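S.K.: Encoded as structure tokens, here's the structure I'll be asking about.
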Amino acid sequence: MNDRPTQTETALSVPAPIRASLDAIESSLIREVSDIGMAMGGVTPLWFGESDITSPDFVRDAAKASLDEGETFYSSNAGIAPLRAALARYESGLRGRQIDEERVVITISGMAAIMLAMETFVGAGDNAIVHTPIWPNCIQTVRIMGAEARLIELERGPDGWTLDLDALFAMADERTRAIFVNSPSNPTGWTMSGEDQARLLEFARARGIWIIADEVYTRISYEAPRAPSFLDIAQPEDPLVVVNSFSKNWCMTGWRLGWMVAPASLVPTITKLVEFNYSCIPVFVQRAGIAAIEQGEDFVAETLALYRRNRDLVYQRLAGIDGVHMANPPGAFYAFIAVDGMTDSLAAAKRILTDQKVGLAPGSAFGPGGEGHLRLCFALQSDKLSGALDRLAKSLEAGVV
């Protein structure tokens, strides 16, 4: 009997290699916690950046109407004209200056917009500067492209977080193609001032470096009607791409709909990449986006009021616990909680999940400066959040680290 493997068996036992840059990317630590919690049941999920509020009726009704009208075919790479026009009006109204429709590209999510920007600007041998702590996907998109992510840590003080722009400028070299800024920031709530945005934009212009600005939380601002935006000050052909999403303002996380504002000269390149990534976005989803833009201002105001109450509730419940440090964030809907003595936030998050059935994101998921923290999303209905805070406080008071 011949026990030697056949040629086919040998071939199957040796997997073909994948790109080294992909093999090195770590799985999401947030997902690692949430997968455990979803299997448990009875958990209050505060791990994702997501409200428990259902998308509003007018959004869902618009999608249903589109489906009833048979809008089930391919659409334009850049998005349907009515949505692009609606977003141009929306952005122009927010900024108090004209944002032309030709600069708007609809994307299949804010995440896809970030990925498209990275595909456009960075490649092997390049680098992009990213501030941390930050949502891990922002860092990994740079690495997916085979480029180097140069990480600069925000500095945590008693009144919140700050970014040292001079240190950031010193990190840039001839291989720097992009600077990624998320403001208001996930997970810290740090919000870049208009003055710092102007300094960074001036630097980018002088050096020929692109700014990718993730502004998905720009309307979730507690100290001003909205957070400062690069679109407030940029010229139409500046080296700037601003990313936004329907997920946060209109509670549309599952719809996977976003947009970007870019120089008109860049849009043909971006739409070319759209074709090779996902081709187009379902029309009925885009119709839902038009409804959100045109009918959603009251909804945005109501949810912001809820998030403000919840932000204050979290601070009142947790900030006074011995060994717990946090600042009331000026934007977004997260509390980034520092715990004395915590050296393994992933283990701590799993322990709290098991003991209290409260699902948190480990700070280590958010890059340098994140370890020693836990991120809590407070975008839930207040009664559900209040119960979770009672249980979480027990663990923090008992010194779970």
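Within each chain, counting starts at residue 1; across the structure tokens, chains are named A, B, ... in the order shown, with ligands numbered 1 upward in that order.
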Might you pull out every residue within 8 Å of region 287-295 of chain A, with only C-alpha atoms counted and same-chain residues fewer than 2 positions away left off, and present them as a PyMOL selection string?

M.R.: chain A and resi 58-63+66+82-83+86-87+90+246+250+257+283-285+297-298

S.K.: Pick out the residues sitting within 10 Å of region 106-110 of chain A, and hand them over as a PyMOL selection string; count only C-alpha atoms, and ignore anything fewer than 5 positions along from it in its own chain.

M.R.: chain A and resi 76-81+83-84+87+115-116+214-216+243-247+253-261+271+274+277-282+285-286+289

S.K.: For those residues, write N, CA and C atoms to a file as a short mmCIF file (atom, residue, chain, number, x, y, z; two decimals), in the first residue's frame.

M.R.:
```cif
data_model
loop_
_atom_site.label_atom_id
_atom_site.label_comp_id
_atom_site.auth_asym_id
_atom_site.auth_seq_id
_atom_site.Cartn_x
_atom_site.Cartn_y
_atom_site.Cartn_z
N SER A 76 -25.20 55.05 -9.83
CA SER A 76 -23.93 55.70 -10.15
C SER A 76 -22.88 55.37 -9.10
N ASN A 77 -21.62 55.29 -9.53
CA ASN A 77 -20.51 55.08 -8.59
C ASN A 77 -20.46 56.15 -7.52
N ALA A 78 -20.72 57.40 -7.88
CA ALA A 78 -20.61 58.52 -6.95
C ALA A 78 -21.86 58.71 -6.11
N GLY A 79 -22.91 57.95 -6.38
CA GLY A 79 -24.17 58.11 -5.67
C GLY A 79 -25.21 58.80 -6.52
N ILE A 80 -26.47 58.64 -6.18
CA ILE A 80 -27.54 59.25 -6.98
C ILE A 80 -27.50 60.77 -6.82
N ALA A 81 -27.84 61.46 -7.88
CA ALA A 81 -27.75 62.93 -7.89
C ALA A 81 -28.59 63.59 -6.80
N LEU A 83 -29.26 62.64 -3.76
CA LEU A 83 -28.59 62.57 -2.46
C LEU A 83 -27.34 63.44 -2.45
N ARG A 84 -26.59 63.44 -3.53
CA ARG A 84 -25.40 64.31 -3.59
C ARG A 84 -25.81 65.77 -3.45
N LEU A 87 -26.86 66.51 0.18
CA LEU A 87 -25.70 66.62 1.07
C LEU A 87 -24.93 67.91 0.81
N MET A 115 -11.31 53.92 3.83
CA MET A 115 -10.52 52.97 3.06
C MET A 115 -10.24 53.51 1.66
N LEU A 116 -11.24 54.12 1.03
CA LEU A 116 -11.05 54.71 -0.30
C LEU A 116 -9.98 55.80 -0.26
N ASP A 214 -11.83 62.61 9.64
CA ASP A 214 -13.01 61.81 10.01
C ASP A 214 -13.86 62.68 10.93
N GLU A 215 -14.98 63.19 10.41
CA GLU A 215 -15.82 64.13 11.16
C GLU A 215 -17.22 63.55 11.39
N VAL A 216 -17.30 62.25 11.62
CA VAL A 216 -18.62 61.62 11.76
C VAL A 216 -19.36 62.07 13.03
N VAL A 243 -14.53 62.95 5.77
CA VAL A 243 -15.36 61.74 5.81
C VAL A 243 -16.52 61.95 6.78
N ASN A 244 -17.70 61.49 6.38
CA ASN A 244 -18.84 61.56 7.28
C ASN A 244 -19.71 60.33 7.10
N SER A 245 -20.74 60.22 7.96
CA SER A 245 -21.54 58.99 7.99
C SER A 245 -22.95 59.31 8.47
N PHE A 246 -23.89 58.50 8.03
CA PHE A 246 -25.27 58.59 8.52
C PHE A 246 -25.46 57.79 9.81
N SER A 247 -24.47 57.02 10.20
CA SER A 247 -24.63 56.08 11.31
C SER A 247 -24.94 56.75 12.64
N THR A 253 -26.74 52.87 11.79
CA THR A 253 -25.51 52.07 11.70
C THR A 253 -25.65 50.91 10.72
N GLY A 254 -26.78 50.24 10.74
CA GLY A 254 -26.94 49.05 9.89
C GLY A 254 -27.20 49.34 8.43
N TRP A 255 -27.42 50.59 8.08
CA TRP A 255 -27.70 50.94 6.68
C TRP A 255 -26.43 51.00 5.85
N ARG A 256 -25.30 51.23 6.47
CA ARG A 256 -23.99 51.34 5.82
C ARG A 256 -24.02 52.41 4.74
N LEU A 257 -24.12 53.65 5.19
CA LEU A 257 -24.20 54.77 4.27
C LEU A 257 -23.35 55.92 4.81
N GLY A 258 -22.48 56.43 3.98
CA GLY A 258 -21.63 57.55 4.35
C GLY A 258 -21.38 58.45 3.16
N TRP A 259 -20.51 59.44 3.35
CA TRP A 259 -20.14 60.30 2.24
C TRP A 259 -18.80 60.93 2.51
N MET A 260 -18.24 61.51 1.48
CA MET A 260 -17.00 62.25 1.63
C MET A 260 -17.07 63.51 0.78
N VAL A 261 -16.41 64.55 1.25
CA VAL A 261 -16.26 65.79 0.49
C VAL A 261 -14.79 65.92 0.14
N THR A 271 -14.21 57.79 -7.54
CA THR A 271 -15.31 57.01 -8.10
C THR A 271 -14.79 55.82 -8.91
N VAL A 274 -14.32 53.32 -6.28
CA VAL A 274 -15.63 52.79 -5.87
C VAL A 274 -16.03 51.63 -6.78
N ASN A 277 -14.28 48.54 -5.70
CA ASN A 277 -14.50 48.10 -4.33
C ASN A 277 -15.90 47.53 -4.13
N TYR A 278 -16.93 48.30 -4.51
CA TYR A 278 -18.30 47.81 -4.29
C TYR A 278 -19.27 48.27 -5.37
N SER A 279 -18.78 48.96 -6.37
CA SER A 279 -19.53 49.36 -7.56
C SER A 279 -20.50 50.50 -7.30
N CYS A 280 -21.45 50.30 -6.38
CA CYS A 280 -22.44 51.33 -6.11
C CYS A 280 -23.19 50.97 -4.84
N ILE A 281 -24.06 51.87 -4.43
CA ILE A 281 -24.82 51.71 -3.19
C ILE A 281 -26.28 51.49 -3.56
N PRO A 282 -27.00 50.59 -2.87
CA PRO A 282 -28.41 50.38 -3.19
C PRO A 282 -29.19 51.69 -3.18
N VAL A 285 -31.32 52.54 -0.08
CA VAL A 285 -30.55 53.04 1.06
C VAL A 285 -30.26 54.53 0.87
N GLN A 286 -29.95 54.94 -0.35
CA GLN A 286 -29.69 56.35 -0.61
C GLN A 286 -30.96 57.19 -0.45
N GLY A 289 -31.25 57.99 3.00
CA GLY A 289 -30.33 59.07 3.35
C GLY A 289 -30.89 60.44 3.03
#
```

S.K.: Just the residues within 10 Å of Gln381 (chain A), please, counting only C-alpha atoms, with nothing from its chain fewer than 2 positions along; format it as a list in words.

M.R.: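 Listing them by chain and then by number gives Ser51, Asp52, Ile53, Thr303, Leu306, Tyr307, Asn310, Phe378, Ala379, Asp383, Lys384, Leu385 and Ser386 of chain A.
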
S.K.: Could you check the closest approach to Arg95 (chain A) for each of A:Glu69, A:Asp232, A:Asp344, A:Glu153 and tell me which residue wins, using only C-alpha atoms?

M.R.: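 Checking each of A:Glu69, A:Asp232, A:Asp344, A:Glu153 against Arg95 (chain A), counting only C-alpha atoms, the winner is A:Asp232.
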
S.K.: If we count only C-alpha atoms and set the cut-off at 8 Å, which residues sit around Ser28 (chain A), ignoring sequence neighbours fewer than 3 positions away in its own chain? Please answer as a list of chain:residue names.

M.R.: A:Arg31, A:Glu32, A:Pro136, A:Ala365

S.K.: Would you kindly return, as a PyMOL selection string, each protein, DNA or RNA residue with an atom no farther than 10 Å from any atom of Arg175 (chain A), considering only C-alpha atoms and excluding same-chain residues fewer than 4 positions away?

M.R.: chain A and resi 122+125-128+147-148+209

S.K.: Next, the residues of the selection above should be written as an mmCIF file, in the first residue's frame with N, CA and C atoms.

M.R.:
```cif
data_model
loop_
_atom_site.group_PDB
_atom_site.id
_atom_site.type_symbol
_atom_site.label_atom_id
_atom_site.label_comp_id
_atom_site.auth_asym_id
_atom_site.auth_seq_id
_atom_site.Cartn_x
_atom_site.Cartn_y
_atom_site.Cartn_z
ATOM 1 N N VAL A 122 -1.974 56.413 -0.089
ATOM 2 C CA VAL A 122 -0.795 55.750 0.478
ATOM 3 C C VAL A 122 -0.590 54.357 -0.118
ATOM 4 N N GLY A 125 5.883 51.706 1.195
ATOM 5 C CA GLY A 125 6.982 52.659 1.288
ATOM 6 C C GLY A 125 6.565 54.028 1.770
ATOM 7 N N ASP A 126 5.255 54.302 1.773
ATOM 8 C CA ASP A 126 4.754 55.581 2.269
ATOM 9 C C ASP A 126 4.453 55.492 3.759
ATOM 10 N N ASN A 127 4.135 56.632 4.361
ATOM 11 C CA ASN A 127 3.627 56.623 5.729
ATOM 12 C C ASN A 127 2.483 57.615 5.868
ATOM 13 N N ALA A 128 1.656 57.367 6.865
ATOM 14 C CA ALA A 128 0.575 58.279 7.223
ATOM 15 C C ALA A 128 0.625 58.470 8.733
ATOM 16 N N ALA A 147 1.541 50.486 3.981
ATOM 17 C CA ALA A 147 2.247 51.694 4.403
ATOM 18 C C ALA A 147 2.493 51.669 5.906
ATOM 19 N N GLU A 148 3.326 52.585 6.363
ATOM 20 C CA GLU A 148 3.649 52.700 7.787
ATOM 21 C C GLU A 148 2.692 53.671 8.458
ATOM 22 N N ILE A 209 0.850 67.364 1.646
ATOM 23 C CA ILE A 209 0.378 66.176 2.376
ATOM 24 C C ILE A 209 -1.148 66.254 2.483
#
```

S.K.: Restricting the calculation to only C-alpha atoms, which member of A:Ala149, A:Ile352, A:Cys251, A:Ile36 is positioned closest to Asp57 (chain A)?

M.R.: A:Cys251
